[in-house]
Amino acid sequence: MGILRNIKSDYEIYENTALECLVAIERAACKDVKAYRKINKGKSPLPSAQVEGYKFVMDEEFDSLKIDFSQTFQFEIKDLVNVKG
């Protein structure tokens with residue numbers, strides 16, 4: 001019987017609440033997101049900080065979402081909500 005392994009992706013998926021879209025953030029940049037949330041927990045209003053990532057786009061051929069690696073975007077960390085998968 002084969003062994004099933006958990007293969008981690010190089011990206012984490014977040015929902016951008018301001019733009020109402022899904023974005024992919026590299027795991028290395030996710031450390032910045034987690035540090036920002038830890039430092040600014042309970043603060044109002046949240047300070048401005050950005051992280052680089054990619055938007056998801058609709059793939060018409062497969063009728064599903066895919067990461068568009070052709071262009072990077074800057075996203076406000078305060079607008080990102082982690083999508084549990």
# chains A, B, ... in the order shown; residues from 1 in each chain; ligands from 1

$ residues_around --residues "stretch 34-36 of chain A" --least-positions-apart "2" --cutoff "10 Å" --atoms "only C-alpha atoms" --output "ChimeraX atom specification"
/A:29-32,38-41,46-50,77-78

$ residues_around --residues "stretch 60-74 of chain A" --least-positions-apart "5" --cutoff "9 Å" --atoms "only C-alpha atoms" --output "list in words"
Val23, Ala24, Gln50, Val51, Glu52, Gly53, Tyr54 and Lys55 of chain A

$ write_last_selection --atoms "N, CA and C atoms" --output "CSV table (one decimal), in the first residue's frame"
chain,number,residue,atom,x,y,z
A,23,VAL,N,-6.2,35.7,-3.6
A,23,VAL,CA,-4.8,36.0,-4.0
A,23,VAL,C,-3.9,34.9,-3.4
A,24,ALA,N,-2.7,34.8,-4.1
A,24,ALA,CA,-1.7,33.8,-3.6
A,24,ALA,C,-0.5,34.5,-3.1
A,50,GLN,N,2.1,46.6,3.1
A,50,GLN,CA,1.7,45.8,1.9
A,50,GLN,C,2.6,44.6,1.8
A,51,VAL,N,2.1,43.6,1.0
A,51,VAL,CA,2.8,42.4,0.7
A,51,VAL,C,2.5,42.1,-0.8
A,52,GLU,N,3.5,41.5,-1.4
A,52,GLU,CA,3.5,41.2,-2.8
A,52,GLU,C,2.8,39.8,-3.0
A,53,GLY,N,2.0,39.7,-4.1
A,53,GLY,CA,1.3,38.4,-4.4
A,53,GLY,C,0.7,38.4,-5.8
A,54,TYR,N,0.0,37.4,-6.0
A,54,TYR,CA,-0.6,37.1,-7.3
A,54,TYR,C,-2.1,37.0,-7.2
A,55,LYS,N,-2.9,37.4,-8.2
A,55,LYS,CA,-4.3,37.2,-8.2
A,55,LYS,C,-4.7,35.9,-8.9

$ select_by_dssp --residues "chain A" --states "strand (DSSP E)" --output "ChimeraX atom specification"
/A:11-16,21-26,50-59,64-67,73-76,80-82

$ select_by_dssp --residues "chain A" --states "helix (DSSP H, G or I)" --output "list in words"
Arg27, Ala28, Ala29, Cys30, Lys31, Asp32, Val33, Lys34, Ala35, Tyr36, Arg37, Lys38, Ile39, Ile77, Lys78 and Asp79 of chain A

$ atom_distance --atom1 "atom CA of A:Lys43" --atom2 "atom CA of A:Asn82"
19.0 Å

$ atom_distance --atom1 "atom CA of A:Glu26" --atom2 "atom CA of A:Glu76"
14.8 Å

$ atom_distance --atom1 "atom CA of A:Asp59" --atom2 "atom CA of A:Arg27"
23.7 Å

$ decode --residues "stretch 15-58 of chain A" --atoms "N, CA and C atoms" --output "PDB file, in the first residue's frame"
ATOM      1  N   GLU A  15      -8.109  35.712   0.925  1.00  0.00           N
ATOM      2  CA  GLU A  15      -9.167  36.476   0.278  1.00  0.00           C
ATOM      3  C   GLU A  15      -8.893  37.946   0.543  1.00  0.00           C
ATOM      4  N   ASN A  16      -8.900  38.759  -0.500  1.00  0.00           N
ATOM      5  CA  ASN A  16      -8.746  40.196  -0.341  1.00  0.00           C
ATOM      6  C   ASN A  16     -10.146  40.777  -0.233  1.00  0.00           C
ATOM      7  N   THR A  17     -10.526  41.232   0.955  1.00  0.00           N
ATOM      8  CA  THR A  17     -11.887  41.704   1.188  1.00  0.00           C
ATOM      9  C   THR A  17     -12.172  43.023   0.485  1.00  0.00           C
ATOM     10  N   ALA A  18     -11.173  43.854   0.275  1.00  0.00           N
ATOM     11  CA  ALA A  18     -11.375  45.130  -0.405  1.00  0.00           C
ATOM     12  C   ALA A  18     -11.611  44.934  -1.903  1.00  0.00           C
ATOM     13  N   LEU A  19     -10.845  44.032  -2.515  1.00  0.00           N
ATOM     14  CA  LEU A  19     -10.958  43.782  -3.958  1.00  0.00           C
ATOM     15  C   LEU A  19     -11.920  42.643  -4.279  1.00  0.00           C
ATOM     16  N   GLU A  20     -12.345  41.897  -3.265  1.00  0.00           N
ATOM     17  CA  GLU A  20     -13.232  40.742  -3.414  1.00  0.00           C
ATOM     18  C   GLU A  20     -12.671  39.737  -4.419  1.00  0.00           C
ATOM     19  N   CYS A  21     -11.441  39.305  -4.169  1.00  0.00           N
ATOM     20  CA  CYS A  21     -10.815  38.299  -5.023  1.00  0.00           C
ATOM     21  C   CYS A  21      -9.889  37.445  -4.174  1.00  0.00           C
ATOM     22  N   LEU A  22      -9.480  36.307  -4.730  1.00  0.00           N
ATOM     23  CA  LEU A  22      -8.519  35.437  -4.065  1.00  0.00           C
ATOM     24  C   LEU A  22      -7.120  35.793  -4.541  1.00  0.00           C
ATOM     25  N   VAL A  23      -6.169  35.728  -3.619  1.00  0.00           N
ATOM     26  CA  VAL A  23      -4.781  36.030  -3.958  1.00  0.00           C
ATOM     27  C   VAL A  23      -3.875  34.937  -3.406  1.00  0.00           C
ATOM     28  N   ALA A  24      -2.741  34.751  -4.054  1.00  0.00           N
ATOM     29  CA  ALA A  24      -1.739  33.778  -3.616  1.00  0.00           C
ATOM     30  C   ALA A  24      -0.515  34.544  -3.136  1.00  0.00           C
ATOM     31  N   ILE A  25      -0.103  34.246  -1.905  1.00  0.00           N
ATOM     32  CA  ILE A  25       1.052  34.895  -1.302  1.00  0.00           C
ATOM     33  C   ILE A  25       2.110  33.823  -1.036  1.00  0.00           C
ATOM     34  N   GLU A  26       3.358  34.106  -1.408  1.00  0.00           N
ATOM     35  CA  GLU A  26       4.441  33.148  -1.160  1.00  0.00           C
ATOM     36  C   GLU A  26       4.612  32.917   0.331  1.00  0.00           C
ATOM     37  N   ARG A  27       4.988  31.719   0.696  1.00  0.00           N
ATOM     38  CA  ARG A  27       5.134  31.362   2.117  1.00  0.00           C
ATOM     39  C   ARG A  27       6.115  32.276   2.848  1.00  0.00           C
ATOM     40  N   ALA A  28       7.180  32.688   2.188  1.00  0.00           N
ATOM     41  CA  ALA A  28       8.147  33.579   2.828  1.00  0.00           C
ATOM     42  C   ALA A  28       7.496  34.917   3.180  1.00  0.00           C
ATOM     43  N   ALA A  29       6.637  35.419   2.311  1.00  0.00           N
ATOM     44  CA  ALA A  29       5.947  36.686   2.566  1.00  0.00           C
ATOM     45  C   ALA A  29       4.842  36.513   3.605  1.00  0.00           C
ATOM     46  N   CYS A  30       4.354  35.304   3.774  1.00  0.00           N
ATOM     47  CA  CYS A  30       3.307  35.050   4.774  1.00  0.00           C
ATOM     48  C   CYS A  30       3.830  35.276   6.187  1.00  0.00           C
ATOM     49  N   LYS A  31       5.117  35.113   6.367  1.00  0.00           N
ATOM     50  CA  LYS A  31       5.714  35.400   7.675  1.00  0.00           C
ATOM     51  C   LYS A  31       5.540  36.879   8.015  1.00  0.00           C
ATOM     52  N   ASP A  32       5.642  37.745   7.002  1.00  0.00           N
ATOM     53  CA  ASP A  32       5.424  39.176   7.208  1.00  0.00           C
ATOM     54  C   ASP A  32       3.973  39.460   7.600  1.00  0.00           C
ATOM     55  N   VAL A  33       3.043  38.740   6.979  1.00  0.00           N
ATOM     56  CA  VAL A  33       1.621  38.910   7.281  1.00  0.00           C
ATOM     57  C   VAL A  33       1.349  38.507   8.730  1.00  0.00           C
ATOM     58  N   LYS A  34       1.887  37.376   9.137  1.00  0.00           N
ATOM     59  CA  LYS A  34       1.672  36.900  10.509  1.00  0.00           C
ATOM     60  C   LYS A  34       2.316  37.833  11.527  1.00  0.00           C
ATOM     61  N   ALA A  35       3.506  38.348  11.226  1.00  0.00           N
ATOM     62  CA  ALA A  35       4.179  39.287  12.129  1.00  0.00           C
ATOM     63  C   ALA A  35       3.384  40.590  12.241  1.00  0.00           C
ATOM     64  N   TYR A  36       2.852  41.081  11.129  1.00  0.00           N
ATOM     65  CA  TYR A  36       2.027  42.296  11.119  1.00  0.00           C
ATOM     66  C   TYR A  36       0.803  42.123  12.011  1.00  0.00           C
ATOM     67  N   ARG A  37       0.137  40.975  11.870  1.00  0.00           N
ATOM     68  CA  ARG A  37      -1.065  40.719  12.681  1.00  0.00           C
ATOM     69  C   ARG A  37      -0.729  40.618  14.164  1.00  0.00           C
ATOM     70  N   LYS A  38       0.405  40.018  14.487  1.00  0.00           N
ATOM     71  CA  LYS A  38       0.798  39.867  15.886  1.00  0.00           C
ATOM     72  C   LYS A  38       1.131  41.220  16.507  1.00  0.00           C
ATOM     73  N   ILE A  39       1.844  42.055  15.780  1.00  0.00           N
ATOM     74  CA  ILE A  39       2.236  43.369  16.287  1.00  0.00           C
ATOM     75  C   ILE A  39       1.036  44.305  16.427  1.00  0.00           C
ATOM     76  N   ASN A  40       0.101  44.242  15.477  1.00  0.00           N
ATOM     77  CA  ASN A  40      -1.007  45.192  15.431  1.00  0.00           C
ATOM     78  C   ASN A  40      -2.328  44.637  15.957  1.00  0.00           C
ATOM     79  N   LYS A  41      -2.277  43.556  16.687  1.00  0.00           N
ATOM     80  CA  LYS A  41      -3.490  42.937  17.209  1.00  0.00           C
ATOM     81  C   LYS A  41      -4.204  43.910  18.160  1.00  0.00           C
ATOM     82  N   GLY A  42      -5.473  44.154  17.870  1.00  0.00           N
ATOM     83  CA  GLY A  42      -6.281  45.017  18.722  1.00  0.00           C
ATOM     84  C   GLY A  42      -6.159  46.498  18.442  1.00  0.00           C
ATOM     85  N   LYS A  43      -5.306  46.895  17.527  1.00  0.00           N
ATOM     86  CA  LYS A  43      -5.140  48.304  17.206  1.00  0.00           C
ATOM     87  C   LYS A  43      -6.219  48.753  16.222  1.00  0.00           C
ATOM     88  N   SER A  44      -6.645  49.984  16.387  1.00  0.00           N
ATOM     89  CA  SER A  44      -7.625  50.536  15.464  1.00  0.00           C
ATOM     90  C   SER A  44      -7.314  52.002  15.263  1.00  0.00           C
ATOM     91  N   PRO A  45      -7.197  52.509  14.082  1.00  0.00           N
ATOM     92  CA  PRO A  45      -7.181  51.794  12.808  1.00  0.00           C
ATOM     93  C   PRO A  45      -5.831  51.107  12.582  1.00  0.00           C
ATOM     94  N   LEU A  46      -5.868  50.102  11.743  1.00  0.00           N
ATOM     95  CA  LEU A  46      -4.643  49.354  11.453  1.00  0.00           C
ATOM     96  C   LEU A  46      -3.715  50.169  10.561  1.00  0.00           C
ATOM     97  N   PRO A  47      -2.423  50.137  10.824  1.00  0.00           N
ATOM     98  CA  PRO A  47      -1.477  50.871   9.971  1.00  0.00           C
ATOM     99  C   PRO A  47      -1.370  50.226   8.579  1.00  0.00           C
ATOM    100  N   SER A  48      -0.882  50.985   7.644  1.00  0.00           N
ATOM    101  CA  SER A  48      -0.754  50.508   6.272  1.00  0.00           C
ATOM    102  C   SER A  48       0.531  49.698   6.108  1.00  0.00           C
ATOM    103  N   ALA A  49       0.400  48.522   5.526  1.00  0.00           N
ATOM    104  CA  ALA A  49       1.547  47.685   5.172  1.00  0.00           C
ATOM    105  C   ALA A  49       1.128  46.823   3.987  1.00  0.00           C
ATOM    106  N   GLN A  50       2.053  46.572   3.093  1.00  0.00           N
ATOM    107  CA  GLN A  50       1.726  45.815   1.886  1.00  0.00           C
ATOM    108  C   GLN A  50       2.603  44.578   1.751  1.00  0.00           C
ATOM    109  N   VAL A  51       2.053  43.621   1.002  1.00  0.00           N
ATOM    110  CA  VAL A  51       2.771  42.390   0.705  1.00  0.00           C
ATOM    111  C   VAL A  51       2.545  42.083  -0.783  1.00  0.00           C
ATOM    112  N   GLU A  52       3.545  41.475  -1.405  1.00  0.00           N
ATOM    113  CA  GLU A  52       3.469  41.160  -2.825  1.00  0.00           C
ATOM    114  C   GLU A  52       2.814  39.801  -3.034  1.00  0.00           C
ATOM    115  N   GLY A  53       1.982  39.701  -4.077  1.00  0.00           N
ATOM    116  CA  GLY A  53       1.325  38.433  -4.368  1.00  0.00           C
ATOM    117  C   GLY A  53       0.747  38.409  -5.769  1.00  0.00           C
ATOM    118  N   TYR A  54      -0.023  37.358  -6.034  1.00  0.00           N
ATOM    119  CA  TYR A  54      -0.608  37.132  -7.348  1.00  0.00           C
ATOM    120  C   TYR A  54      -2.121  36.963  -7.212  1.00  0.00           C
ATOM    121  N   LYS A  55      -2.855  37.420  -8.209  1.00  0.00           N
ATOM    122  CA  LYS A  55      -4.308  37.248  -8.224  1.00  0.00           C
ATOM    123  C   LYS A  55      -4.671  35.897  -8.853  1.00  0.00           C
ATOM    124  N   PHE A  56      -5.826  35.387  -8.468  1.00  0.00           N
ATOM    125  CA  PHE A  56      -6.391  34.225  -9.132  1.00  0.00           C
ATOM    126  C   PHE A  56      -7.257  34.708 -10.287  1.00  0.00           C
ATOM    127  N   VAL A  57      -7.229  33.991 -11.395  1.00  0.00           N
ATOM    128  CA  VAL A  57      -8.063  34.300 -12.554  1.00  0.00           C
ATOM    129  C   VAL A  57      -8.800  33.031 -12.972  1.00  0.00           C
ATOM    130  N   MET A  58      -9.896  33.221 -13.715  1.00  0.00           N
ATOM    131  CA  MET A  58     -10.689  32.090 -14.178  1.00  0.00           C
ATOM    132  C   MET A  58     -10.042  31.475 -15.418  1.00  0.00           C
TER     133      MET A  58
END
